[in-house]
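Chemist: Take this structure first; my questions come after.
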Amino acid sequence: MLRPLLTDFLAMFFPRACLACQDSLVAGEQHLCTTCRAELPYTNYHLLPAAQNPLSRRFWGKLPVAHVLSYLRFLRHGQVQHLLHQLKYQGQQDVGKALGQLYGAELTEAGFGPDFELIVPVPLHRRKLARRGYNQADAFAAGLAAALLCPWSAAALRRTAHTATQTRKSRTERWQNVATIFEVANPQEVIGRHILLVDDVLTTGATLEACGAVLLAAGAKAVSIATIACAE
């Protein structure tokens, strides 16, 4: 009884804000307000057969993937860009965890839960990790793992070289930039398991392709991909 009263009392002086629009949350709302929950640009690609999923086509002929999943559509200057900016540059790891939990709940409801045996985030190089203080993909992985009841490992993959930003590179340049910079730190962790490889945004897919190829070469049974958002 005391805990809800204390929570309400604290909310009067330190109101919780919606992660997307920054309006105050009301009783019963968690992380996102009801309006933003209704208006975010969801992909719902997890409800489509793989052959009809446009994200799967990005990997055809490049990487054998079981599922390619993305929660939201990335729209410039929209709420999704704001959420990702908070996650990557404002230290708001709760954004990644909250979106992971929300998406994980939807994936569980759609029957994906038993498919995945280990969630692996795309790693940052140690220099960028030290500068930022955290890996945004780790936060998303933690949220997904909690909802899917699946283990996750931030140490399964290792980035061996620091690379230039991918932002203004073509798909070929992006692939050349990342093709040989990932390795599996402990093959026993991935051998024979269906890996859910996760990152914040899917653009050309070059980084995810490179990571997935390394995981399969190390003995993973299958690789699926999930991201917070996708650029279309």
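Convention: chains lettered A, B, ... in structure tokens order; per-chain residue numbering from 1; ligands numbered from 1 as shown.
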Please identify which residues in stretch 59-218 of chain A DSSP calls alpha helix (DSSP H) from the backbone, and express them as a VMD selection string.
Modeler: chain A and resid 79 to 89 93 to 109 126 to 132 136 to 148 171 to 178 206 to 217
Chemist: How would the residues just picked look written out with C-alpha atoms as a short mmCIF file (atom, residue, chain, number, x, y, z; two decimals), in the first residue's frame?
Modeler:
```cif
data_model
loop_
_atom_site.label_atom_id
_atom_site.label_comp_id
_atom_site.auth_asym_id
_atom_site.auth_seq_id
_atom_site.Cartn_x
_atom_site.Cartn_y
_atom_site.Cartn_z
CA GLN A 79 9.54 10.73 -32.87
CA VAL A 80 11.60 7.67 -33.76
CA GLN A 81 14.63 9.80 -34.61
CA HIS A 82 14.13 11.63 -31.30
CA LEU A 83 13.99 8.34 -29.39
CA LEU A 84 17.14 7.04 -31.06
CA HIS A 85 18.97 10.31 -30.44
CA GLN A 86 18.16 10.06 -26.74
CA LEU A 87 19.35 6.46 -26.69
CA LYS A 88 22.62 7.00 -28.55
CA TYR A 89 23.72 10.47 -27.49
CA GLN A 93 19.52 3.65 -21.97
CA ASP A 94 15.98 3.26 -20.64
CA VAL A 95 14.75 4.10 -24.15
CA GLY A 96 16.41 0.99 -25.56
CA LYS A 97 15.27 -1.22 -22.71
CA ALA A 98 11.68 0.04 -22.89
CA LEU A 99 11.43 -0.43 -26.65
CA GLY A 100 13.01 -3.87 -26.32
CA GLN A 101 10.44 -4.89 -23.73
CA LEU A 102 7.55 -3.56 -25.81
CA TYR A 103 8.74 -5.24 -29.00
CA GLY A 104 9.66 -8.43 -27.19
CA ALA A 105 6.12 -8.66 -25.83
CA GLU A 106 4.73 -8.35 -29.37
CA LEU A 107 7.15 -10.97 -30.69
CA THR A 108 6.19 -13.32 -27.87
CA GLU A 109 2.51 -12.85 -28.64
CA ARG A 126 36.27 -0.48 -27.17
CA ARG A 127 37.29 3.13 -27.90
CA LYS A 128 33.78 4.18 -28.86
CA LEU A 129 32.37 2.19 -25.93
CA ALA A 130 34.70 4.01 -23.55
CA ARG A 131 33.74 7.38 -25.03
CA ARG A 132 29.97 6.77 -24.95
CA GLN A 136 22.90 1.27 -27.25
CA ALA A 137 22.35 -2.17 -28.78
CA ASP A 138 22.97 -3.72 -25.33
CA ALA A 139 20.03 -1.80 -23.89
CA PHE A 140 17.71 -3.03 -26.64
CA ALA A 141 19.01 -6.59 -26.17
CA ALA A 142 18.35 -6.44 -22.42
CA GLY A 143 14.75 -5.33 -22.99
CA LEU A 144 14.12 -8.02 -25.59
CA ALA A 145 15.66 -10.69 -23.37
CA ALA A 146 13.39 -9.77 -20.46
CA ALA A 147 10.26 -10.02 -22.60
CA LEU A 148 11.28 -13.07 -24.64
CA ARG A 171 26.22 0.04 -49.45
CA THR A 172 29.45 -1.24 -51.05
CA GLU A 173 31.54 1.18 -49.01
CA ARG A 174 29.70 0.20 -45.85
CA TRP A 175 30.38 -3.48 -46.52
CA GLN A 176 34.07 -2.83 -47.18
CA ASN A 177 34.19 -0.79 -43.98
CA VAL A 178 32.99 -3.65 -41.76
CA ALA A 206 26.06 -4.23 -44.16
CA THR A 207 27.06 -4.31 -40.47
CA LEU A 208 24.42 -6.90 -39.58
CA GLU A 209 25.43 -8.98 -42.60
CA ALA A 210 29.06 -8.98 -41.49
CA CYS A 211 28.14 -9.97 -37.93
CA GLY A 212 25.73 -12.66 -39.08
CA ALA A 213 28.32 -14.21 -41.40
CA VAL A 214 30.82 -14.43 -38.54
CA LEU A 215 28.24 -16.06 -36.24
CA LEU A 216 27.30 -18.68 -38.85
CA ALA A 217 30.97 -19.38 -39.59
#
```
Chemist: Residues near A:Val65, anyone? I mean within 7 Å using only C-alpha atoms, not counting same-chain ones fewer than 6 positions away, as a PDB file with N, CA, C and O atoms, in the first residue's frame.
Modeler:
```pdb
ATOM      1  N   ALA A 222      21.443 -20.903 -36.679  1.00  0.00           N
ATOM      2  CA  ALA A 222      20.684 -19.971 -37.511  1.00  0.00           C
ATOM      3  C   ALA A 222      20.876 -18.570 -36.956  1.00  0.00           C
ATOM      4  O   ALA A 222      21.239 -18.388 -35.795  1.00  0.00           O
ATOM      5  N   VAL A 223      20.633 -17.582 -37.805  1.00  0.00           N
ATOM      6  CA  VAL A 223      20.709 -16.182 -37.394  1.00  0.00           C
ATOM      7  C   VAL A 223      19.428 -15.475 -37.802  1.00  0.00           C
ATOM      8  O   VAL A 223      18.968 -15.614 -38.936  1.00  0.00           O
ATOM      9  N   SER A 224      18.837 -14.734 -36.872  1.00  0.00           N
ATOM     10  CA  SER A 224      17.758 -13.809 -37.146  1.00  0.00           C
ATOM     11  C   SER A 224      18.223 -12.417 -36.750  1.00  0.00           C
ATOM     12  O   SER A 224      19.211 -12.276 -36.017  1.00  0.00           O
TER      13      SER A 224
END
```
Chemist: Write out as a list in words all residues of stretch 5-206 of chain A that DSSP puts in strand (DSSP E) for this structure's backbone.
Modeler: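 Residues meeting the strand (DSSP E) criterion: Val68, Leu69, Ser70, Tyr71, Leu72, Arg73, Leu118, Ile119, Val120, Pro121, Leu157, Arg158, Arg159, Phe182, Glu183, Val184, His194, Ile195, Leu196, Leu197, Val198, Asp199, Asp200, Val201 and Leu202 of chain A.
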Chemist: Put those residues in a file: C-alpha atoms, as a PDB file, in the first residue's frame.
Modeler:
```
ATOM      1  CA  VAL A  68      14.404  -9.983 -40.155  1.00  0.00           C
ATOM      2  CA  LEU A  69      12.406  -7.914 -37.671  1.00  0.00           C
ATOM      3  CA  SER A  70      12.220  -4.202 -36.992  1.00  0.00           C
ATOM      4  CA  TYR A  71       9.898  -2.481 -34.553  1.00  0.00           C
ATOM      5  CA  LEU A  72       9.538   1.027 -36.015  1.00  0.00           C
ATOM      6  CA  ARG A  73      10.008   2.939 -39.256  1.00  0.00           C
ATOM      7  CA  LEU A 118      20.638 -16.318 -27.540  1.00  0.00           C
ATOM      8  CA  ILE A 119      20.349 -12.581 -28.178  1.00  0.00           C
ATOM      9  CA  VAL A 120      23.576 -10.936 -29.353  1.00  0.00           C
ATOM     10  CA  PRO A 121      23.938  -7.151 -29.796  1.00  0.00           C
ATOM     11  CA  LEU A 157      30.792 -10.761 -30.553  1.00  0.00           C
ATOM     12  CA  ARG A 158      33.856  -8.537 -30.582  1.00  0.00           C
ATOM     13  CA  ARG A 159      34.682  -5.611 -32.885  1.00  0.00           C
ATOM     14  CA  PHE A 182      34.057  -8.735 -36.193  1.00  0.00           C
ATOM     15  CA  GLU A 183      34.922 -11.996 -34.474  1.00  0.00           C
ATOM     16  CA  VAL A 184      33.204 -14.437 -32.138  1.00  0.00           C
ATOM     17  CA  HIS A 194      19.646 -19.798 -33.073  1.00  0.00           C
ATOM     18  CA  ILE A 195      21.052 -16.298 -32.570  1.00  0.00           C
ATOM     19  CA  LEU A 196      18.918 -13.153 -32.561  1.00  0.00           C
ATOM     20  CA  LEU A 197      21.349 -10.447 -33.690  1.00  0.00           C
ATOM     21  CA  VAL A 198      20.199  -6.969 -32.649  1.00  0.00           C
ATOM     22  CA  ASP A 199      21.098  -3.349 -33.377  1.00  0.00           C
ATOM     23  CA  ASP A 200      19.452   0.058 -33.179  1.00  0.00           C
ATOM     24  CA  VAL A 201      18.817   0.820 -36.872  1.00  0.00           C
ATOM     25  CA  LEU A 202      18.760  -1.274 -40.032  1.00  0.00           C
TER      26      LEU A 202
END
```
